[in-house]
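Source file: upload.cif (mmCIF, C-alpha atoms)
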```
data_entry
loop_
_atom_site.label_atom_id
_atom_site.label_comp_id
_atom_site.auth_asym_id
_atom_site.auth_seq_id
_atom_site.Cartn_x
_atom_site.Cartn_y
_atom_site.Cartn_z
CA MET A 1 32.21 22.18 67.81
CA SER A 2 35.86 22.69 66.85
CA LYS A 3 38.53 20.64 68.55
CA ARG A 4 40.48 22.34 71.27
CA PRO A 5 44.09 22.80 70.07
CA HIS A 6 46.91 20.89 71.71
CA PRO A 7 48.74 22.78 74.43
CA PRO A 8 52.13 24.05 73.24
CA THR A 9 55.12 21.73 73.55
CA ILE A 10 58.52 23.24 74.33
CA VAL A 11 61.48 20.92 73.69
CA PHE A 12 64.80 21.83 75.28
CA ASP A 13 68.30 20.72 74.50
CA LEU A 14 70.21 19.76 77.66
CA ASP A 15 73.90 20.73 77.49
CA GLY A 16 74.46 24.44 77.03
CA THR A 17 70.73 25.19 77.10
CA LEU A 18 69.29 23.93 80.37
CA VAL A 19 72.47 23.03 82.23
CA ASP A 20 76.11 24.13 82.10
CA THR A 21 77.66 20.65 82.00
CA VAL A 22 81.00 21.20 80.33
CA ALA A 23 83.20 21.16 83.45
CA ASP A 24 82.07 17.66 84.43
CA ILE A 25 82.52 16.39 80.88
CA ALA A 26 86.03 17.83 80.70
CA ALA A 27 86.90 16.30 84.08
CA ALA A 28 85.69 12.86 82.94
CA LEU A 29 87.75 13.16 79.77
CA ASP A 30 90.86 14.07 81.74
CA ARG A 31 90.41 11.04 84.00
CA ALA A 32 90.10 8.78 80.96
CA LEU A 33 93.25 10.23 79.37
CA VAL A 34 95.49 9.96 82.46
CA PRO A 35 97.57 7.13 80.92
CA TYR A 36 98.61 9.45 78.07
CA GLY A 37 99.87 12.33 80.20
CA CYS A 38 97.62 14.91 78.56
CA ARG A 39 97.30 18.31 80.16
CA ALA A 40 94.00 19.26 81.77
CA THR A 41 91.22 20.27 79.39
CA ARG A 42 90.09 23.87 79.81
CA ALA A 43 86.38 24.62 79.93
CA ASP A 44 86.53 26.74 76.76
CA GLU A 45 88.35 23.95 74.90
CA ALA A 46 85.72 21.44 75.99
CA ALA A 47 82.87 23.77 75.05
CA ALA A 48 84.21 24.05 71.50
CA MET A 49 83.98 20.26 71.13
CA MET A 50 80.34 19.97 72.24
CA GLY A 51 77.25 19.51 70.10
CA GLU A 52 77.39 15.93 68.81
CA GLY A 53 76.89 13.93 71.97
CA LEU A 54 79.55 12.34 74.14
CA SER A 55 80.98 10.20 71.35
CA GLY A 56 81.40 13.22 69.08
CA PHE A 57 83.00 15.12 71.94
CA PHE A 58 85.43 12.28 72.62
CA TRP A 59 86.63 11.93 69.03
CA ARG A 60 87.04 15.68 68.67
CA ALA A 61 89.09 15.64 71.86
CA LEU A 62 91.43 12.95 70.54
CA VAL A 63 92.06 15.08 67.47
CA ALA A 64 92.57 18.25 69.51
CA LYS A 65 95.05 16.48 71.78
CA ARG A 66 96.80 14.82 68.82
CA LEU A 67 96.23 11.33 70.19
CA SER A 68 96.34 8.72 67.46
CA LEU A 69 95.08 5.55 69.12
CA PRO A 70 94.45 2.13 67.56
CA ALA A 71 90.73 1.43 67.20
CA GLU A 72 90.55 -1.05 70.06
CA GLU A 73 92.49 1.20 72.42
CA ALA A 74 90.36 4.19 71.46
CA ALA A 75 87.21 2.19 72.19
CA GLU A 76 88.57 1.20 75.61
CA THR A 77 89.46 4.83 76.35
CA TYR A 78 86.00 5.96 75.31
CA GLY A 79 84.56 3.37 77.67
CA ARG A 80 86.64 4.82 80.52
CA PHE A 81 85.44 8.30 79.63
CA ILE A 82 81.76 7.28 79.75
CA ALA A 83 82.27 5.35 83.00
CA ALA A 84 84.02 8.31 84.62
CA TYR A 85 81.28 10.70 83.52
CA ARG A 86 78.51 8.35 84.62
CA GLN A 87 80.06 8.20 88.11
CA ALA A 88 80.08 12.00 88.57
CA PRO A 89 77.85 13.83 86.07
CA VAL A 90 76.86 16.77 88.28
CA ARG A 91 79.82 17.51 90.51
CA ARG A 92 80.32 20.90 88.85
CA SER A 93 77.31 21.16 86.54
CA ARG A 94 74.80 23.92 87.24
CA ILE A 95 71.36 24.92 86.00
CA TYR A 96 71.49 28.22 84.16
CA PRO A 97 70.09 31.00 86.38
CA GLY A 98 66.36 31.47 85.93
CA MET A 99 65.84 28.24 83.98
CA ALA A 100 64.16 26.25 86.78
CA ALA A 101 61.72 29.11 87.40
CA LEU A 102 60.89 29.26 83.68
CA LEU A 103 60.19 25.53 83.59
CA VAL A 104 57.90 25.76 86.61
CA GLU A 105 56.05 28.67 84.97
CA LEU A 106 55.56 26.68 81.78
CA ARG A 107 54.30 23.64 83.64
CA ASP A 108 51.89 25.77 85.65
CA ALA A 109 50.56 27.15 82.35
CA GLY A 110 49.82 23.62 81.10
CA VAL A 111 52.65 23.50 78.57
CA HIS A 112 54.12 20.13 77.59
CA THR A 113 57.88 20.10 78.15
CA ALA A 114 60.53 17.70 76.91
CA VAL A 115 64.27 17.26 76.64
CA CYS A 116 65.87 16.19 73.36
CA THR A 117 69.61 15.69 73.67
CA ASN A 118 72.44 13.88 71.91
CA LYS A 119 73.84 12.89 75.31
CA VAL A 120 73.64 9.25 76.43
CA GLU A 121 70.10 8.88 77.71
CA ASP A 122 70.68 7.30 81.13
CA ILE A 123 73.25 9.98 81.98
CA SER A 124 70.76 12.64 80.88
CA PHE A 125 68.17 11.23 83.27
CA ALA A 126 70.74 11.18 86.08
CA ILE A 127 71.70 14.82 85.54
CA LEU A 128 68.10 16.01 85.50
CA GLU A 129 67.22 13.93 88.56
CA GLN A 130 70.22 15.08 90.61
CA LEU A 131 69.48 18.71 89.75
CA ASP A 132 65.79 18.28 90.71
CA LEU A 133 64.64 18.99 87.15
CA LEU A 134 63.34 15.60 86.06
CA ASP A 135 59.79 16.10 87.32
CA LEU A 136 59.51 19.25 85.22
CA PHE A 137 59.51 17.26 81.94
CA ASP A 138 56.95 15.01 80.30
CA ALA A 139 59.63 13.24 78.27
CA VAL A 140 63.40 12.92 78.07
CA VAL A 141 64.89 11.57 74.85
CA GLY A 142 68.63 11.02 74.61
CA HIS A 143 70.98 8.84 72.65
CA ARG A 144 70.75 5.08 72.99
CA GLY A 145 71.13 2.12 70.68
CA ASP A 146 70.63 3.07 67.05
CA ARG A 147 68.41 6.08 67.77
CA PRO A 148 69.58 8.90 65.48
CA LYS A 149 71.09 12.08 66.85
CA LYS A 150 70.21 15.66 66.02
CA PRO A 151 70.26 17.14 63.39
CA ASP A 152 68.15 14.13 62.40
CA PRO A 153 64.57 15.26 63.17
CA LEU A 154 63.31 11.85 64.28
CA THR A 155 64.62 12.21 67.82
CA LEU A 156 62.99 15.63 68.15
CA LEU A 157 59.69 14.34 66.79
CA GLU A 158 59.87 11.42 69.21
CA ALA A 159 60.36 13.81 72.12
CA ILE A 160 57.30 15.83 71.06
CA SER A 161 55.18 12.69 70.74
CA LEU A 162 56.29 11.18 74.06
CA ALA A 163 55.53 14.49 75.80
CA GLY A 164 51.96 14.25 74.53
CA GLY A 165 52.37 17.18 72.17
CA SER A 166 51.78 17.93 68.51
CA ARG A 167 54.30 19.13 65.94
CA ASP A 168 52.08 22.03 64.85
CA ARG A 169 52.27 23.48 68.37
CA ALA A 170 55.91 22.68 69.15
CA LEU A 171 59.06 24.76 69.62
CA MET A 172 62.72 23.73 69.90
CA VAL A 173 65.07 25.56 72.28
CA GLY A 174 68.77 24.83 71.82
CA ASP A 175 72.24 26.25 71.43
CA THR A 176 73.81 24.72 68.31
CA GLY A 177 73.31 24.19 64.61
CA ALA A 178 72.26 20.62 65.33
CA ASP A 179 69.24 21.93 67.25
CA SER A 180 68.44 24.44 64.52
CA SER A 181 68.75 21.86 61.74
CA ALA A 182 66.63 19.30 63.59
CA ALA A 183 63.90 21.91 64.04
CA ILE A 184 64.00 22.91 60.38
CA ALA A 185 63.80 19.27 59.28
CA ALA A 186 60.90 18.67 61.69
CA GLY A 187 59.09 21.76 60.41
CA ILE A 188 58.97 23.62 63.71
CA PRO A 189 60.43 26.97 64.85
CA ALA A 190 63.51 27.22 67.07
CA ILE A 191 65.06 29.58 69.56
CA LEU A 192 68.83 29.45 69.97
CA VAL A 193 70.55 30.69 73.11
CA SER A 194 73.91 32.40 72.69
CA TYR A 195 75.27 31.39 76.09
CA GLY A 196 75.71 27.71 75.15
CA TYR A 197 78.36 25.65 73.41
CA SER A 198 77.95 26.38 69.72
CA ALA A 199 81.21 26.22 67.78
CA VAL A 200 79.90 29.04 65.57
CA GLN A 201 78.03 32.24 66.37
CA VAL A 202 74.40 31.21 66.66
CA ARG A 203 73.31 34.49 65.11
CA ALA A 204 74.80 33.24 61.86
CA LEU A 205 71.88 30.77 61.76
CA SER A 206 69.42 33.32 60.45
CA THR A 207 66.36 31.06 60.35
CA ASP A 208 66.05 31.11 64.12
CA ILE A 209 65.27 33.55 66.91
CA HIS A 210 68.32 34.27 69.10
CA VAL A 211 68.44 35.18 72.77
CA ASP A 212 71.29 36.07 75.10
CA SER A 213 69.75 35.19 78.46
CA VAL A 214 67.06 33.11 80.12
CA ASP A 215 65.02 36.29 80.66
CA GLU A 216 65.02 36.92 76.91
CA LEU A 217 64.22 33.26 76.32
CA ARG A 218 61.17 33.56 78.57
CA ASP A 219 59.91 36.54 76.58
CA GLU A 220 60.20 34.68 73.28
CA VAL A 221 58.64 31.49 74.64
CA LEU A 222 55.66 33.47 75.91
CA ARG A 223 55.42 35.13 72.49
CA PHE A 224 55.36 31.68 70.90
CA MET A 225 52.63 30.52 73.26
CA ALA A 226 50.50 33.52 72.33
CA ALA A 227 50.93 33.07 68.57
CA SER A 228 47.88 31.73 66.75
CA GLU A 229 49.73 29.61 64.18
CA PRO A 230 53.23 28.93 65.54
CA HIS A 231 53.92 26.09 63.10
CA ARG A 232 53.95 28.58 60.21
CA ILE A 233 56.32 31.01 61.85
CA ARG A 234 59.87 31.20 60.54
CA ALA A 235 60.80 34.81 61.16
CA LYS A 236 62.67 37.04 63.55
CA ARG A 237 59.65 37.44 65.79
CA PHE A 238 56.82 35.04 66.50
CA GLY A 239 53.61 36.24 64.94
CA SER A 240 55.24 37.57 61.76
CA LYS A 241 53.93 36.34 58.43
#
```
Written as structure tokens, how would this file's structure read?
Amino acid sequence: MSKRPHPPTIVFDLDGTLVDTVADIAAALDRALVPYGCRATRADEAAAMMGEGLSGFFWRALVAKRLSLPAEEAAETYGRFIAAYRQAPVRRSRIYPGMAALLVELRDAGVHTAVCTNKVEDISFAILEQLDLLDLFDAVVGHRGDRPKKPDPLTLLEAISLAGGSRDRALMVGDTGADSSAAIAAGIPAILVSYGYSAVQVRALSTDIHVDSVDELRDEVLRFMAASEPHRIRAKRFGSK
């Protein structure tokens, strides 16, 4: 008797994919930079600096605001930024419309679900919990200690494993080149959403499927679930050879 295949595993990025978080991140940055008299950070400015976790965002922000701080002072300012964000991570953050319903549908279908994010892990848990999303995931893997960040594939592979899934039945859903590159390195297909925070047009990343809404994302995820050999798929539509 042949072994029953693993259920599919869908791994989601957090910021710009599941949740629109940029307003709270920008607000935390502004609170940390009060001593320097910087003007408020617009949401579009903050979105352009996303994609490499909170530390990457912070250093990009210092460059954008032309703040040249000594190393020790910069480290202290970064600490204030993280503390401010940790205190209020979901004051303005919102789940993208239709995303919660999609997650419930996937769970009801027996799909393993996980989050793989470059955001600090404890803050990621807090966001998901406060938005009533945490119970919809088998695993949440964020940045902590010396754990590598995407585009390194190890974090993605860890998320798949912790969710109880298998790489040959896994899919990455994200919004940036880091998500795409991590998926390529892990040997799994990816779907990129265009409504997120990518600094470049996601459609320029031609190895992935691209969607413009959660409704389109649902269609492609269902197509993935129906495919017989999803780990071999690297085309515009799941099921292509």
Q) Given the file above and the PyMOL selection byres ((chain A and resi 61-69) around 9), which residues are selected, and can you give them as a ChimeraX atom specification? A) /A:29,36,38-39,45-46,49,56-60,70-74
Can you write just those residues out, C-alpha atoms, as a compact mmCIF listing (two decimals), in the coordinates of the input?
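The resulting out23.txt:
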```
# COMPACT_ATOMS: atom_id res chain seq x y z
CA LEU A 29 87.75 13.16 79.77
CA TYR A 36 98.61 9.45 78.07
CA CYS A 38 97.62 14.91 78.56
CA ARG A 39 97.30 18.31 80.16
CA GLU A 45 88.35 23.95 74.90
CA ALA A 46 85.72 21.44 75.99
CA MET A 49 83.98 20.26 71.13
CA GLY A 56 81.40 13.22 69.08
CA PHE A 57 83.00 15.12 71.94
CA PHE A 58 85.43 12.28 72.62
CA TRP A 59 86.63 11.93 69.03
CA ARG A 60 87.04 15.68 68.67
CA PRO A 70 94.45 2.13 67.56
CA ALA A 71 90.73 1.43 67.20
CA GLU A 72 90.55 -1.05 70.06
CA GLU A 73 92.49 1.20 72.42
CA ALA A 74 90.36 4.19 71.46
```
Q | Selection dump of the PyMOL selection byres ((chain A and resi 94) around 7), as a list in words | A | Val19, Asp20, Thr21, Arg92, Ser93, Ile95 and Tyr96 of chain A
Q) Smallest atom-to-atom distance to Met225 of chain A: which of A:Gly177, A:Pro153, A:Gly145, A:Pro8, using only C-alpha atoms? A)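 So, comparing all the options, the nearest one is A:Pro8.
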Q | Selected residue, from A:Val11, A:Ala32, A:Val104, A:Ile160, that lies nearest to Glu76 of chain A when counting all atoms listed in the file | A |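 Closest to Glu76 of chain A of all the choices is A:Ala32.
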Using only C-alpha atoms, what does the table of segment 23-67 of chain A residues within 7 Å of segment 186-204 of chain A look like, with each row giving the shortest atom pair and its distance in Å to one decimal, sorted by chain and ascending number, as JSON lines?
```
{"residue": "A:Ala47", "atom": "CA", "partner": "A:Tyr197", "partner_atom": "CA", "distance": 5.2}
{"residue": "A:Ala48", "atom": "CA", "partner": "A:Ala199", "partner_atom": "CA", "distance": 5.2}
{"residue": "A:Met50", "atom": "CA", "partner": "A:Tyr197", "partner_atom": "CA", "distance": 6.1}
{"residue": "A:Gly51", "atom": "CA", "partner": "A:Ser198", "partner_atom": "CA", "distance": 6.9}
```
Q. Using only C-alpha atoms, which residue out of A:Asp219, A:Ala28, A:Asp132, A:Ile10 lies closest to Leu106 of chain A?
A.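 That would be A:Ile10, the residue with the smallest distance to Leu106 of chain A.
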Q) What is the atom CA of His143 of chain A to atom CA of Ile184 of chain A distance in Å? A) 19.9 Å
(Q) Evaluate the PyMOL selection byres ((chain A and resi 137) around 10) against this structure - the residues, as a ChimeraX atom specification, please. (A) /A:10-12,103-104,107,111-115,128,133-136,138-140,163
Next, the residues of the selection above should be written as a short mmCIF file (atom, residue, chain, number, x, y, z; two decimals), keeping the file's coordinate frame with C-alpha atoms.
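Below is the file that was written, selection.cif:
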```cif
data_model
loop_
_atom_site.label_atom_id
_atom_site.label_comp_id
_atom_site.auth_asym_id
_atom_site.auth_seq_id
_atom_site.Cartn_x
_atom_site.Cartn_y
_atom_site.Cartn_z
CA ILE A 10 58.52 23.24 74.33
CA VAL A 11 61.48 20.92 73.69
CA PHE A 12 64.80 21.83 75.28
CA LEU A 103 60.19 25.53 83.59
CA VAL A 104 57.90 25.76 86.61
CA ARG A 107 54.30 23.64 83.64
CA VAL A 111 52.65 23.50 78.57
CA HIS A 112 54.12 20.13 77.59
CA THR A 113 57.88 20.10 78.15
CA ALA A 114 60.53 17.70 76.91
CA VAL A 115 64.27 17.26 76.64
CA LEU A 128 68.10 16.01 85.50
CA LEU A 133 64.64 18.99 87.15
CA LEU A 134 63.34 15.60 86.06
CA ASP A 135 59.79 16.10 87.32
CA LEU A 136 59.51 19.25 85.22
CA ASP A 138 56.95 15.01 80.30
CA ALA A 139 59.63 13.24 78.27
CA VAL A 140 63.40 12.92 78.07
CA ALA A 163 55.53 14.49 75.80
#
```
Q) To one decimal place, how far is atom CA of Gln87 of chain A from atom CA of Lys150 of chain A in Å? A)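 Atom-to-atom, atom CA of Gln87 of chain A and atom CA of Lys150 of chain A are spaced 25.3 Å apart.
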Q: In Å, rounded to a single decimal, give me how far atom CA of Val214 of chain A is from atom CA of Ser124 of chain A.
A: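 Taking atom CA of Ser124 of chain A and atom CA of Val214 of chain A, their separation equals 20.8 Å.
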Q.
Can you pull out the residues contacting Ile82 of chain A? Cut-off 10 Å, using only C-alpha atoms, and skip same-chain residues under 2 positions away; I want them as an MDAnalysis selection string.
A. chainID A and resid 25 28:29 32 54:55 58 77:80 84:87 89 120 123
Could you save those same residues with C-alpha atoms as a PDB file, keeping the file's coordinate frame?
```pdb
ATOM      1  CA  ILE A  25      82.520  16.390  80.880  1.00  0.00           C
ATOM      2  CA  ALA A  28      85.690  12.860  82.940  1.00  0.00           C
ATOM      3  CA  LEU A  29      87.750  13.160  79.770  1.00  0.00           C
ATOM      4  CA  ALA A  32      90.100   8.780  80.960  1.00  0.00           C
ATOM      5  CA  LEU A  54      79.550  12.340  74.140  1.00  0.00           C
ATOM      6  CA  SER A  55      80.980  10.200  71.350  1.00  0.00           C
ATOM      7  CA  PHE A  58      85.430  12.280  72.620  1.00  0.00           C
ATOM      8  CA  THR A  77      89.460   4.830  76.350  1.00  0.00           C
ATOM      9  CA  TYR A  78      86.000   5.960  75.310  1.00  0.00           C
ATOM     10  CA  GLY A  79      84.560   3.370  77.670  1.00  0.00           C
ATOM     11  CA  ARG A  80      86.640   4.820  80.520  1.00  0.00           C
ATOM     12  CA  ALA A  84      84.020   8.310  84.620  1.00  0.00           C
ATOM     13  CA  TYR A  85      81.280  10.700  83.520  1.00  0.00           C
ATOM     14  CA  ARG A  86      78.510   8.350  84.620  1.00  0.00           C
ATOM     15  CA  GLN A  87      80.060   8.200  88.110  1.00  0.00           C
ATOM     16  CA  PRO A  89      77.850  13.830  86.070  1.00  0.00           C
ATOM     17  CA  VAL A 120      73.640   9.250  76.430  1.00  0.00           C
ATOM     18  CA  ILE A 123      73.250   9.980  81.980  1.00  0.00           C
TER      19      ILE A 123
END
```
Q) Which one is closest to Glu220 of chain A: A:Leu102, A:Pro35, A:Ile127, A:Asp122? Count all atoms listed in the file. A)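 Of the candidates, the smallest distance to Glu220 of chain A is held by A:Leu102.
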Q) Taking into account all atoms listed in the file, which residue in the set A:Glu105, A:Asp44, A:Glu52, A:Asp24 is nearest to Arg218 of chain A? A) A:Glu105
